[in-house]
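**Q** Mind looking over this structure? Questions follow.
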Amino acid sequence: MKFKYPIALILILLTGLSSVQAQKKTYLETLASPNHWVDSVFKKLNKRQKIAQMFFVRAHTDMGKAYEDSIGRVVKKEKIGGLVFFQGGPGRQAVLTNQYQSLARVPLLITSDGEWGLGMRLDSTISYPYQMALGAVQDKGLLYKMGLEVAKDYRRIGMHMNLAPDVDVNNNPKNPVINFRSFGENKYNVTAKASAYMKGMQDGGLLVSLKHFPGHGDTDVDSHYDLPKLPFTKARLDSLEIYPFRELIKEGAAGVMIAHMNIPALDNTPNMPSTLSKPIVTGILKEELGFKGIIISDAMGMKGVVKYFKDGEADVMGIIAGNDILELSENSARAIKLVRKAVREDRISMERIDESVKKILTAKYWAGLNVKDTINEHHVAAEVNRAESLTLLQQLADASMTVLKGKQYLKTLSAEKRTIIISIGTPNITTFQKDLGTYYKNSAFYTLDKDANANAIAKVLRDIADFDQVIVGIHDMRNRPGNGMVLSADLKMFIKDMSGKNAVFALFANPYNISALPGLENSKGLIVAYQKEDFMQRAASSVIKNQLVPTGKLPVTVNGTFKYGDGE
């Protein structure tokens, strides 16, 4: 009996704690509520300082001290609103963030692109599978967990907003800029997967930014280098490209990023990028879709936006259009001056700017920047490489494995038979081969680099006759697994020949590359493993060893044989 009251008290305290956690308002709920901190900071800002809050500049930790110091001067002198971090390392970024925050009069909102986690930008950190592979995963709970883990990583190094997820519907296989960054070609699948990832990040205390509104999936032009044009009707755009944005806005997305695209059906002004279009940003996103959260431009130095609107005019028009944050202006000091001039000339009202500044300050409050704090600079790398994150990484890879042919045939492979294991596309023995070699004890490894000629292939062909089973890995060794994986003509012929025999293939590449490898549709077994990383190689090996039941479904249509949703 003596333990009765303490236990009851503990239960009450735990219940109270969980209810407090459950009651944390979302960013949108916070935005709709009176906020003393936001009001007090806002009242201390003059017109120039308010405008400066709307500009976020590029930061690096791999560009040397002179560059780092130059950004520090911008933070101190221009009093900008935030930073977008690019390449570097997690420990260095934590240290530099502390330095930059100490220079800021109003705390900086820190962001970066992390579509597949910190590893998209930082060394010594985890890269989760690309979104194309995640589009194959059937267990959305895994993507939610990934969102939580990414949020932990971001918060650990002092970041508050992830410029992700990418919710573009990649319905153009030739897309050079989205492609493997998309969850796939089906708007419902894209929405479901993005929703799970988004909710995980937001529940983990991270702001997000859906991108690239109103949809960058059906283009064959990269907006980094030119202005893509979408020639589709408003009805088509509304039913397809805009669909994921509409649904995820309903589900409480905190932010949306605007693409640099020319879309005559939505704004017929010649050469008008969507980023600078008031009919698109304000008319469609804010008014038609009812979006109340933060609107952030894509990088304002990209050719898609500055090709036709030069010398800072793009920055002014971006604010007129309705963007709250302009990231990576070509010249933020010039932009702030030009916006001030536009206010004096009544091109922009201060009410329009005030609306954005309050959104930005509320985001800072929601992220905890109302309480002065410093990032712990010790053990940063270790604490963003947690054991549970690495376990989840392998679980996601395992869940993405997509068998397009030969699920039953794989069961006939024997650990006792003589097995030749070939890796194509790399000169080195691969994790795939080593992992299979522990199971197929009577095996031999061969490698054929991407430029292998007929002579190199002939040596392998001479030995194949001595083996009972043939397993082939096709590896795209580029860091970004887009289309156009380069393999010699002789290698393509070798793949075609092996497909007509009893070979099993694992493709460690973007599935669109299957269309450039004729013959694979005739193979005895074909596993799509999406990318080159070791966690994918281990997952494919587990399938071939019959230790993992593959559940992935193809997130895109590859050709007439392999279509969206395929997977045995």
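Ordering of the structure tokens sets the chain letters (A, B, ...); residue numbers start at 1 within each chain; ligands are numbered from 1 in the order shown.
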From a DSSP pass on the backbone, collect the residues of stretch 155-293 of chain A flagged as helix (DSSP H, G or I) and hand them back as JSON, numbers by chain.

**A** {"A": [155, 156, 179, 180, 181, 187, 188, 189, 190, 191, 192, 193, 194, 195, 196, 197, 198, 199, 200, 201, 202, 203, 234, 235, 236, 237, 238, 239, 243, 244, 245, 246, 247, 248, 249, 250, 274, 275, 276, 278, 279, 280, 281, 282, 283, 284, 285, 286, 287, 288]}

**Q** Quick one: residues within 12 Å of stretch 338-350 of chain A, only C-alpha atoms counted, chain neighbours fewer than 4 positions away excluded, as an mmCIF file with all heavy atoms, in the first residue's frame?

**A**
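Writing the result to selection-v8.cif gives the following:
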```cif
data_model
loop_
_atom_site.group_PDB
_atom_site.id
_atom_site.type_symbol
_atom_site.label_atom_id
_atom_site.label_comp_id
_atom_site.auth_asym_id
_atom_site.auth_seq_id
_atom_site.Cartn_x
_atom_site.Cartn_y
_atom_site.Cartn_z
ATOM 1 N N ASN A 46 12.681 48.881 -37.785
ATOM 2 C CA ASN A 46 12.295 49.960 -38.706
ATOM 3 C C ASN A 46 11.987 49.364 -40.078
ATOM 4 O O ASN A 46 12.097 48.143 -40.279
ATOM 5 C CB ASN A 46 13.392 51.033 -38.765
ATOM 6 C CG ASN A 46 14.730 50.488 -39.277
ATOM 7 O OD1 ASN A 46 14.765 49.570 -40.101
ATOM 8 N ND2 ASN A 46 15.825 51.067 -38.788
ATOM 9 N N LYS A 47 11.622 50.186 -41.023
ATOM 10 C CA LYS A 47 11.200 49.688 -42.341
ATOM 11 C C LYS A 47 12.299 48.871 -43.023
ATOM 12 O O LYS A 47 12.046 47.803 -43.577
ATOM 13 C CB LYS A 47 10.787 50.862 -43.236
ATOM 14 C CG LYS A 47 9.458 51.492 -42.858
ATOM 15 C CD LYS A 47 9.096 52.606 -43.827
ATOM 16 C CE LYS A 47 7.752 53.233 -43.430
ATOM 17 N NZ LYS A 47 7.368 54.330 -44.342
ATOM 18 N N ARG A 48 13.514 49.383 -42.973
ATOM 19 C CA ARG A 48 14.604 48.669 -43.629
ATOM 20 C C ARG A 48 14.857 47.308 -42.985
ATOM 21 O O ARG A 48 15.093 46.314 -43.662
ATOM 22 C CB ARG A 48 15.889 49.519 -43.539
ATOM 23 C CG ARG A 48 17.003 48.977 -44.421
ATOM 24 C CD ARG A 48 18.385 49.351 -43.928
ATOM 25 N NE ARG A 48 19.350 48.493 -44.561
ATOM 26 C CZ ARG A 48 19.608 47.230 -44.202
ATOM 27 N NH1 ARG A 48 18.947 46.692 -43.181
ATOM 28 N NH2 ARG A 48 20.487 46.495 -44.851
ATOM 29 N N GLN A 49 14.794 47.267 -41.670
ATOM 30 C CA GLN A 49 15.033 46.015 -40.950
ATOM 31 C C GLN A 49 13.919 45.003 -41.198
ATOM 32 O O GLN A 49 14.170 43.802 -41.241
ATOM 33 C CB GLN A 49 15.180 46.312 -39.460
ATOM 34 C CG GLN A 49 16.468 47.057 -39.112
ATOM 35 C CD GLN A 49 16.443 47.682 -37.736
ATOM 36 O OE1 GLN A 49 15.380 47.763 -37.098
ATOM 37 N NE2 GLN A 49 17.595 48.128 -37.268
ATOM 38 N N LYS A 50 12.704 45.486 -41.351
ATOM 39 C CA LYS A 50 11.602 44.581 -41.699
ATOM 40 C C LYS A 50 11.858 43.939 -43.065
ATOM 41 O O LYS A 50 11.729 42.714 -43.230
ATOM 42 C CB LYS A 50 10.279 45.338 -41.728
ATOM 43 C CG LYS A 50 9.737 45.729 -40.364
ATOM 44 C CD LYS A 50 8.455 46.526 -40.532
ATOM 45 C CE LYS A 50 7.872 46.959 -39.189
ATOM 46 N NZ LYS A 50 6.662 47.796 -39.365
ATOM 47 N N ILE A 51 12.216 44.757 -44.033
ATOM 48 C CA ILE A 51 12.489 44.237 -45.381
ATOM 49 C C ILE A 51 13.626 43.222 -45.332
ATOM 50 O O ILE A 51 13.560 42.155 -45.964
ATOM 51 C CB ILE A 51 12.824 45.395 -46.342
ATOM 52 C CG1 ILE A 51 11.586 46.281 -46.547
ATOM 53 C CG2 ILE A 51 13.331 44.866 -47.684
ATOM 54 C CD1 ILE A 51 11.894 47.635 -47.181
ATOM 55 N N ALA A 52 14.662 43.523 -44.554
ATOM 56 C CA ALA A 52 15.823 42.630 -44.467
ATOM 57 C C ALA A 52 15.463 41.254 -43.914
ATOM 58 O O ALA A 52 16.109 40.249 -44.247
ATOM 59 C CB ALA A 52 16.905 43.276 -43.604
ATOM 60 N N MET A 54 13.178 39.447 -44.779
ATOM 61 C CA MET A 54 12.655 38.619 -45.861
ATOM 62 C C MET A 54 13.755 37.989 -46.711
ATOM 63 O O MET A 54 13.455 37.187 -47.604
ATOM 64 C CB MET A 54 11.724 39.453 -46.745
ATOM 65 C CG MET A 54 10.545 40.059 -45.989
ATOM 66 S SD MET A 54 9.509 41.122 -47.010
ATOM 67 C CE MET A 54 8.685 39.925 -48.056
ATOM 68 N N PHE A 55 15.005 38.332 -46.433
ATOM 69 C CA PHE A 55 16.108 37.839 -47.259
ATOM 70 C C PHE A 55 16.964 36.825 -46.504
ATOM 71 O O PHE A 55 17.391 37.067 -45.372
ATOM 72 C CB PHE A 55 16.955 39.008 -47.760
ATOM 73 C CG PHE A 55 16.252 39.809 -48.817
ATOM 74 C CD1 PHE A 55 15.402 40.853 -48.459
ATOM 75 C CD2 PHE A 55 16.376 39.476 -50.153
ATOM 76 C CE1 PHE A 55 14.706 41.564 -49.423
ATOM 77 C CE2 PHE A 55 15.686 40.183 -51.129
ATOM 78 C CZ PHE A 55 14.848 41.229 -50.762
ATOM 79 N N ASP A 311 19.116 42.829 -62.597
ATOM 80 C CA ASP A 311 19.554 43.961 -61.769
ATOM 81 C C ASP A 311 18.677 44.191 -60.543
ATOM 82 O O ASP A 311 18.426 45.327 -60.148
ATOM 83 C CB ASP A 311 19.620 45.239 -62.610
ATOM 84 C CG ASP A 311 20.537 45.086 -63.826
ATOM 85 O OD1 ASP A 311 21.589 44.434 -63.671
ATOM 86 O OD2 ASP A 311 20.197 45.600 -64.899
ATOM 87 N N GLY A 312 18.194 43.112 -59.944
ATOM 88 C CA GLY A 312 17.433 43.226 -58.704
ATOM 89 C C GLY A 312 15.937 43.389 -58.874
ATOM 90 O O GLY A 312 15.191 43.344 -57.891
ATOM 91 N N GLU A 313 15.469 43.565 -60.112
ATOM 92 C CA GLU A 313 14.023 43.711 -60.330
ATOM 93 C C GLU A 313 13.287 42.438 -59.920
ATOM 94 O O GLU A 313 12.151 42.499 -59.432
ATOM 95 C CB GLU A 313 13.754 44.033 -61.805
ATOM 96 C CG GLU A 313 12.273 44.113 -62.193
ATOM 97 C CD GLU A 313 11.492 45.217 -61.497
ATOM 98 O OE1 GLU A 313 12.095 46.075 -60.825
ATOM 99 O OE2 GLU A 313 10.253 45.214 -61.625
ATOM 100 N N ALA A 314 13.937 41.281 -60.088
ATOM 101 C CA ALA A 314 13.301 40.014 -59.696
ATOM 102 C C ALA A 314 12.981 40.010 -58.204
ATOM 103 O O ALA A 314 11.929 39.505 -57.786
ATOM 104 C CB ALA A 314 14.203 38.836 -60.051
ATOM 105 N N ASP A 315 13.867 40.557 -57.379
ATOM 106 C CA ASP A 315 13.634 40.582 -55.931
ATOM 107 C C ASP A 315 12.398 41.408 -55.592
ATOM 108 O O ASP A 315 11.564 40.998 -54.778
ATOM 109 C CB ASP A 315 14.855 41.152 -55.211
ATOM 110 C CG ASP A 315 16.096 40.297 -55.399
ATOM 111 O OD1 ASP A 315 16.043 39.101 -55.055
ATOM 112 O OD2 ASP A 315 17.113 40.812 -55.886
ATOM 113 N N VAL A 316 12.287 42.579 -56.205
ATOM 114 C CA VAL A 316 11.130 43.456 -55.964
ATOM 115 C C VAL A 316 9.847 42.758 -56.388
ATOM 116 O O VAL A 316 8.850 42.719 -55.646
ATOM 117 C CB VAL A 316 11.299 44.789 -56.724
ATOM 118 C CG1 VAL A 316 10.038 45.653 -56.587
ATOM 119 C CG2 VAL A 316 12.515 45.543 -56.214
ATOM 120 N N MET A 317 9.866 42.151 -57.565
ATOM 121 C CA MET A 317 8.669 41.491 -58.078
ATOM 122 C C MET A 317 8.303 40.263 -57.259
ATOM 123 O O MET A 317 7.129 39.922 -57.121
ATOM 124 C CB MET A 317 8.867 41.129 -59.551
ATOM 125 C CG MET A 317 8.924 42.352 -60.456
ATOM 126 S SD MET A 317 9.152 41.903 -62.187
ATOM 127 C CE MET A 317 7.643 40.995 -62.505
ATOM 128 N N GLY A 318 9.327 39.594 -56.709
ATOM 129 C CA GLY A 318 9.056 38.433 -55.866
ATOM 130 C C GLY A 318 8.247 38.797 -54.636
ATOM 131 O O GLY A 318 7.365 38.046 -54.209
ATOM 132 N N ILE A 319 8.527 39.958 -54.067
ATOM 133 C CA ILE A 319 7.773 40.410 -52.896
ATOM 134 C C ILE A 319 6.379 40.877 -53.303
ATOM 135 O O ILE A 319 5.387 40.564 -52.642
ATOM 136 C CB ILE A 319 8.562 41.510 -52.156
ATOM 137 C CG1 ILE A 319 9.793 40.872 -51.495
ATOM 138 C CG2 ILE A 319 7.686 42.208 -51.112
ATOM 139 C CD1 ILE A 319 10.714 41.835 -50.811
ATOM 140 N N ILE A 320 6.289 41.602 -54.417
ATOM 141 C CA ILE A 320 4.972 42.016 -54.918
ATOM 142 C C ILE A 320 4.097 40.788 -55.163
ATOM 143 O O ILE A 320 2.902 40.778 -54.863
ATOM 144 C CB ILE A 320 5.113 42.849 -56.214
ATOM 145 C CG1 ILE A 320 5.802 44.186 -55.917
ATOM 146 C CG2 ILE A 320 3.746 43.080 -56.866
ATOM 147 C CD1 ILE A 320 6.170 44.990 -57.158
ATOM 148 N N ALA A 321 4.724 39.722 -55.684
ATOM 149 C CA ALA A 321 3.969 38.502 -56.014
ATOM 150 C C ALA A 321 3.357 37.840 -54.785
ATOM 151 O O ALA A 321 2.315 37.194 -54.876
ATOM 152 C CB ALA A 321 4.874 37.509 -56.729
ATOM 153 N N GLY A 322 4.037 37.977 -53.616
ATOM 154 C CA GLY A 322 3.496 37.383 -52.396
ATOM 155 C C GLY A 322 4.425 36.460 -51.664
ATOM 156 O O GLY A 322 4.044 35.839 -50.670
ATOM 157 N N LEU A 326 12.743 35.495 -49.658
ATOM 158 C CA LEU A 326 13.484 35.369 -50.909
ATOM 159 C C LEU A 326 14.848 34.794 -50.563
ATOM 160 O O LEU A 326 15.618 35.409 -49.823
ATOM 161 C CB LEU A 326 13.649 36.735 -51.586
ATOM 162 C CG LEU A 326 12.362 37.451 -52.024
ATOM 163 C CD1 LEU A 326 12.705 38.713 -52.787
ATOM 164 C CD2 LEU A 326 11.477 36.553 -52.878
ATOM 165 N N ASN A 331 22.149 39.733 -54.902
ATOM 166 C CA ASN A 331 22.770 40.793 -54.104
ATOM 167 C C ASN A 331 21.737 41.282 -53.097
ATOM 168 O O ASN A 331 20.874 42.091 -53.428
ATOM 169 C CB ASN A 331 23.245 41.922 -55.016
ATOM 170 C CG ASN A 331 24.006 43.010 -54.266
ATOM 171 O OD1 ASN A 331 23.721 43.295 -53.100
ATOM 172 N ND2 ASN A 331 24.972 43.623 -54.935
ATOM 173 N N SER A 332 21.821 40.792 -51.874
ATOM 174 C CA SER A 332 20.785 41.108 -50.882
ATOM 175 C C SER A 332 20.786 42.584 -50.494
ATOM 176 O O SER A 332 19.732 43.180 -50.272
ATOM 177 C CB SER A 332 20.940 40.214 -49.646
ATOM 178 O OG SER A 332 22.246 40.309 -49.121
ATOM 179 N N ALA A 333 21.973 43.204 -50.412
ATOM 180 C CA ALA A 333 22.030 44.629 -50.050
ATOM 181 C C ALA A 333 21.324 45.475 -51.109
ATOM 182 O O ALA A 333 20.541 46.379 -50.787
ATOM 183 C CB ALA A 333 23.484 45.070 -49.886
ATOM 184 N N ARG A 334 21.608 45.170 -52.356
ATOM 185 C CA ARG A 334 20.934 45.881 -53.448
ATOM 186 C C ARG A 334 19.434 45.632 -53.408
ATOM 187 O O ARG A 334 18.632 46.563 -53.588
ATOM 188 C CB ARG A 334 21.502 45.404 -54.803
ATOM 189 C CG ARG A 334 20.817 46.010 -56.016
ATOM 190 C CD ARG A 334 21.344 45.394 -57.314
ATOM 191 N NE ARG A 334 20.961 44.003 -57.462
ATOM 192 C CZ ARG A 334 21.344 43.218 -58.474
ATOM 193 N NH1 ARG A 334 22.162 43.706 -59.405
ATOM 194 N NH2 ARG A 334 20.954 41.960 -58.539
ATOM 195 N N ASP A 354 4.778 43.832 -43.827
ATOM 196 C CA ASP A 354 4.503 43.505 -42.423
ATOM 197 C C ASP A 354 3.909 42.106 -42.280
ATOM 198 O O ASP A 354 4.239 41.364 -41.348
ATOM 199 C CB ASP A 354 3.535 44.535 -41.821
ATOM 200 C CG ASP A 354 4.197 45.895 -41.609
ATOM 201 O OD1 ASP A 354 5.425 45.995 -41.773
ATOM 202 O OD2 ASP A 354 3.460 46.854 -41.291
ATOM 203 N N GLU A 355 3.031 41.750 -43.217
ATOM 204 C CA GLU A 355 2.404 40.419 -43.185
ATOM 205 C C GLU A 355 3.469 39.325 -43.243
ATOM 206 O O GLU A 355 3.442 38.359 -42.474
ATOM 207 C CB GLU A 355 1.441 40.286 -44.374
ATOM 208 C CG GLU A 355 0.795 38.919 -44.503
ATOM 209 C CD GLU A 355 0.106 38.713 -45.854
ATOM 210 O OE1 GLU A 355 0.021 39.676 -46.635
ATOM 211 O OE2 GLU A 355 -0.321 37.576 -46.113
ATOM 212 N N SER A 356 4.439 39.489 -44.136
ATOM 213 C CA SER A 356 5.497 38.490 -44.282
ATOM 214 C C SER A 356 6.414 38.463 -43.065
ATOM 215 O O SER A 356 6.814 37.393 -42.596
ATOM 216 C CB SER A 356 6.325 38.782 -45.543
ATOM 217 O OG SER A 356 5.582 38.518 -46.713
ATOM 218 N N VAL A 357 6.753 39.641 -42.561
ATOM 219 C CA VAL A 357 7.668 39.714 -41.423
ATOM 220 C C VAL A 357 7.062 39.025 -40.205
ATOM 221 O O VAL A 357 7.752 38.297 -39.480
ATOM 222 C CB VAL A 357 8.030 41.176 -41.113
ATOM 223 C CG1 VAL A 357 8.875 41.271 -39.841
ATOM 224 C CG2 VAL A 357 8.786 41.789 -42.287
#
```

**Q** Out of stretch 375-436 of chain A, which residues get strand (DSSP E) from DSSP, as a list in words?

**A**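 For stretch 375-436 of chain A, the strand (DSSP E) set is Thr402, Val403, Leu404, Lys405, Thr419, Ile420, Ile421, Ile422, Ser423 and Ile424 of chain A.
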
**Q** When you count only C-alpha atoms, which of these residues is closest to A:Asp222: A:Ile178, A:Ala456, A:Ala335, A:Ala104?

**A**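 The closest residue to A:Asp222 is A:Ile178.
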
**Q** Which of these, A:Leu289, A:Leu240, A:Ile249, A:Val305, has the shortest distance to A:Asp218 once you count only C-alpha atoms?

**A**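 Closest to A:Asp218 of all the choices is A:Leu240.
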
**Q** Work out how far atom CA of A:Gly519 is from atom CA of A:Val486, in Å to one decimal.

**A**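 Atom CA of A:Gly519 lies at a distance of 16.7 Å from atom CA of A:Val486.
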
**Q** Which residue out of A:Leu392, A:Val169, A:Leu248, A:Leu276 has the minimum interatomic distance to A:Met132 when only C-alpha atoms are used?

**A**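 Closest to A:Met132 of all the choices is A:Val169.
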
**Q** Check the smallest atom-to-atom distance from each of A:Met401, A:Pro244, A:Lys79, A:Gln537 to A:Gly567 using only C-alpha atoms, then report the winner.

**A**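 Of A:Met401, A:Pro244, A:Lys79, A:Gln537, the one nearest A:Gly567 is A:Met401, counting only C-alpha atoms.
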
**Q** Determine, counting only C-alpha atoms, which protein, DNA and RNA residues have an atom within 9 Å of an atom of A:Gly484; residues of the same chain fewer than 6 positions away are not included. Present the result as a list of chain:residue names.

**A**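 Near neighbours after the sequence-gap exclusion: A:Tyr512, A:Asn513, A:Ala516.
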
**Q** Have a look at A:Ala465, A:Lys545, A:Arg418, A:Asp298 and name the one nearest to A:Thr438; count only C-alpha atoms.

**A** A:Lys545

**Q** Suppose you want the space between atom CA of A:Val75 and atom CA of A:Thr97; what is it in Å?

**A**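 According to the coordinates, atom CA of A:Val75 and atom CA of A:Thr97 are separated by 11.2 Å.
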
**Q** What are the nearest atom pairs, with distances in Å to one decimal, for all residues of stretch 417-486 of chain A that come at most 9 Å from stretch 522-536 of chain A, using only C-alpha atoms, set out by chain and rising residue number as a Markdown table?

**A**
```
| residue | atom | partner | partner_atom | distance |
| --- | --- | --- | --- | --- |
| A:Thr430 | CA | A:Asp534 | CA | 8.5 |
| A:Thr431 | CA | A:Asp534 | CA | 6.2 |
| A:Phe432 | CA | A:Asp534 | CA | 7.6 |
| A:His475 | CA | A:Lys532 | CA | 6.0 |
| A:Asp476 | CA | A:Lys532 | CA | 6.1 |
| A:Met477 | CA | A:Lys532 | CA | 6.1 |
| A:Arg478 | CA | A:Lys532 | CA | 8.2 |
| A:Asn479 | CA | A:Lys532 | CA | 8.5 |
| A:Arg480 | CA | A:Gln531 | CA | 8.8 |
| A:Pro481 | CA | A:Gln531 | CA | 6.5 |
```

**Q** Just the residues within 8 Å of stretch 375-381 of chain A, please, counting only C-alpha atoms, with nothing from its chain fewer than 3 positions along; format it as a list in words.

**A**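 Selected residues are Pro90, Gly91, Ala94, Val95, Asn98, Ser124, Thr125, Arg156, Ile157, Gly158, Val384 and Asn385 of chain A.
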
**Q** Which residues, written as a ChimeraX atom specification, have at least one atom at most 12 Å from A:Pro34, with only C-alpha atoms counted and residues fewer than 5 positions away on the same chain left out?

**A** /A:29,39-40,358,362,365
